[in-house]
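Q: So that we are looking at the same thing, I have put the structure below in structure tokens.
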Amino acid sequence: AAVKSEYELMKLPQGESVESAISKLAQRTEIEYVQPNFAYGDPSVSIKSTVNKAAPSTNDTYYALQKQYLDLMKVRDAWDITTGDSSVVVALVGSGIAHNHPDLGGGIGPGYRVIGGYDFINDNPLPEDVYGSGTVSASIIGAIANNSAGALGVMWNVRFLDCKVFHNEQRIANSFSVASGILYAIKQSANIIQLNTVQLQSETDNIVLDALSQARAMGMPVITRAGHDSAETVNY
């Protein structure tokens with residue numbers, strides 16, 4: 001069954017323009033606001049670093065490739081205090097998570113690190129990451145450490161809620177899917193929202209702003225990705 005949203009996505013009759021439909025619907029008193037279903041892109045992932053080959057403090061295969069940015073973040077000092085808590089749930093709003101990945105717990109549902117999720121593009125309770133962007137984010141956040149394989153995350157023990165909002169082929173999300181993913185994270189009582197989206201238009205997106213306002217009212221931190229293209233332009 002579909003996850004209910006506070007928003008309604010409408011398909012216009014053939015021949016009717018978006019502007020005409022918005023003008024008509026805006027006159028109805030029961031509708032708070034109307035807007036186009038804006039497109040969102042996924043920040044591309046690229047890793048550019050000069051690797052310091054100092055001896056790792058974990059046995060993960062790719063630790064040496066991560067060491068530079070982990071040291072810049074002073075993560076190892078933080079690990080002396082905590083490596084994350086399983087009571088903390090990070091809702092990842094993006095392309096999905098490869099929940100069968102051994103570094104992310106090997107499954108989805110109760111008892112796994114990915115505790116559940118939803119695919120808001122395909123209306124499917126079993127989200128799947130086809131092109132890997134969300135899985136990279138999840139790994140940076142919380143890949144299992146000291147398992148002699150893969151990478152290691154900043155918070156090894158946190159759990160995840162998978163909110164898939166991107167099309168597999170076009171790699172595009174939209175206002176409705178992004179806002180629905182945020183509301184789902186709120187309703188599932190996630191502690192943090194990681195938002196892996198970049199709005200492709202300059203217009204104000206009231207639906208997404210409304211969803212973000214609800215998260216803020218609940219005291220939920222919302223974190224966005226940026227900087228993957230090494231450009232100085234702010235694009236989140």
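Residues are named by chain letter and number: chains run A, B, ... in the order of the structure tokens, numbers start at 1 in each chain, and ligands are numbered from 1 in the order shown.
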Return as an MDAnalysis selection string the full set of residues in stretch 158-225 of chain A whose backbone-based DSSP assignment is alpha helix (DSSP H).
A: chainID A and resid 175:187 206:217
Q: Determine, counting only C-alpha atoms, which protein, DNA and RNA residues have an atom within 6 Å of an atom of stretch 221-224 of chain A; residues of the same chain fewer than 4 positions away are not included. Present the result as a list in words.
A: Ile192, Ile193, Gln194, Leu195 and Asn196 of chain A
Q: Select from stretch 179-204 of chain A every residue with an atom at most 9 Å from any atom of stretch 27-42 of chain A, then for each give the shortest pair of atoms and their distance in Å to one decimal, using only C-alpha atoms, rows by chain and rising number, as a tab-separated table.
A:
```
residue	atom	partner	partner_atom	distance
A:Asn196	CA	A:Asp42	CA	6.2
A:Thr197	CA	A:Asp42	CA	5.0
A:Val198	CA	A:Gly41	CA	5.0
A:Gln199	CA	A:Tyr40	CA	4.4
A:Leu200	CA	A:Tyr40	CA	5.3
A:Gln201	CA	A:Phe38	CA	6.9
A:Glu203	CA	A:Phe38	CA	8.5
```
Q: Please, could you write that set of residues out with N, CA and C atoms as a short mmCIF file (atom, residue, chain, number, x, y, z; two decimals), in the first residue's frame?
A:
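What landed in part-v3.cif:
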```cif
data_model
loop_
_atom_site.label_atom_id
_atom_site.label_comp_id
_atom_site.auth_asym_id
_atom_site.auth_seq_id
_atom_site.Cartn_x
_atom_site.Cartn_y
_atom_site.Cartn_z
N ASN A 196 20.08 14.13 0.19
CA ASN A 196 21.01 14.05 -0.94
C ASN A 196 20.36 14.57 -2.21
N THR A 197 20.00 15.83 -2.22
CA THR A 197 19.32 16.40 -3.39
C THR A 197 19.82 17.81 -3.66
N VAL A 198 19.73 18.21 -4.92
CA VAL A 198 20.02 19.59 -5.33
C VAL A 198 18.87 20.04 -6.22
N GLN A 199 18.18 21.13 -5.86
CA GLN A 199 17.08 21.63 -6.66
C GLN A 199 17.60 22.18 -7.98
N LEU A 200 16.98 21.79 -9.09
CA LEU A 200 17.46 22.17 -10.42
C LEU A 200 16.84 23.44 -10.95
N GLN A 201 15.84 23.99 -10.24
CA GLN A 201 15.24 25.26 -10.64
C GLN A 201 15.47 26.28 -9.52
N GLU A 203 13.17 28.57 -8.58
CA GLU A 203 11.92 28.98 -7.94
C GLU A 203 11.81 28.41 -6.53
#
```
Q: Which residue gives the smallest distance to A:Gly142 among A:Ser95, A:Ser86, A:Asn168, A:Gln214, with only C-alpha atoms counted?
A: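 Closest residue, counting only C-alpha atoms: A:Ser86.
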Q: Residues within 10 Å of A:Tyr7, please, as a list in words. Count only C-alpha atoms; anything in the same chain fewer than 4 positions from it doesn't count.
A: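 Here the answer would be Val34, Ser175, Phe176, Ser177, Ala179, Ser180, Ile207 and Ala211 of chain A.
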Q: Write the residues of the preceding selection, restricted to N, CA, C and O atoms, as a compact mmCIF listing (two decimals), in the first residue's frame.
A:
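Below is the file that was written, selection16.txt:
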```txt
# COMPACT_ATOMS: atom_id res chain seq x y z
N VAL A 34 -0.35 25.84 -4.51
CA VAL A 34 -0.16 24.98 -5.68
C VAL A 34 1.16 25.37 -6.32
O VAL A 34 1.50 26.56 -6.37
N SER A 175 9.70 17.45 -6.41
CA SER A 175 9.19 18.06 -5.18
C SER A 175 8.37 17.07 -4.36
O SER A 175 8.54 16.96 -3.14
N PHE A 176 7.47 16.36 -5.03
CA PHE A 176 6.57 15.45 -4.34
C PHE A 176 7.33 14.32 -3.66
O PHE A 176 7.08 13.99 -2.50
N SER A 177 8.28 13.71 -4.38
CA SER A 177 9.01 12.57 -3.79
C SER A 177 9.91 13.02 -2.66
O SER A 177 9.99 12.36 -1.61
N ALA A 179 9.62 15.77 -0.68
CA ALA A 179 8.81 16.16 0.48
C ALA A 179 8.21 14.93 1.16
O ALA A 179 8.16 14.84 2.39
N SER A 180 7.75 13.95 0.36
CA SER A 180 7.19 12.73 0.94
C SER A 180 8.24 11.96 1.72
O SER A 180 7.95 11.39 2.79
N ILE A 207 6.50 23.14 -1.18
CA ILE A 207 6.21 21.81 -0.63
C ILE A 207 7.41 21.30 0.16
O ILE A 207 7.27 20.85 1.31
N ALA A 211 7.83 20.71 4.29
CA ALA A 211 8.29 19.47 4.91
C ALA A 211 9.50 19.71 5.80
O ALA A 211 9.60 19.18 6.91
```
Q: Which of these residues is nearest to A:Asp210, using only C-alpha atoms: A:Leu183, A:Val90, A:Leu161, A:Ala190?
A: A:Leu183
Q: Which residues are near A:Asn59? Cut-off 9 Å, only C-alpha atoms, ignore same chain within fewer than 6 positions. Put them as a PDB file with C-alpha atoms, in the first residue's frame.
A:
```pdb
ATOM      1  CA  ALA A 145      34.367  -0.882  11.069  1.00  0.00           C
ATOM      2  CA  ASN A 146      36.946  -3.579  11.797  1.00  0.00           C
ATOM      3  CA  ASN A 147      35.326  -6.231   9.601  1.00  0.00           C
ATOM      4  CA  SER A 148      38.399  -6.676   7.370  1.00  0.00           C
ATOM      5  CA  ALA A 149      36.434  -5.478   4.343  1.00  0.00           C
TER       6      ALA A 149
END
```
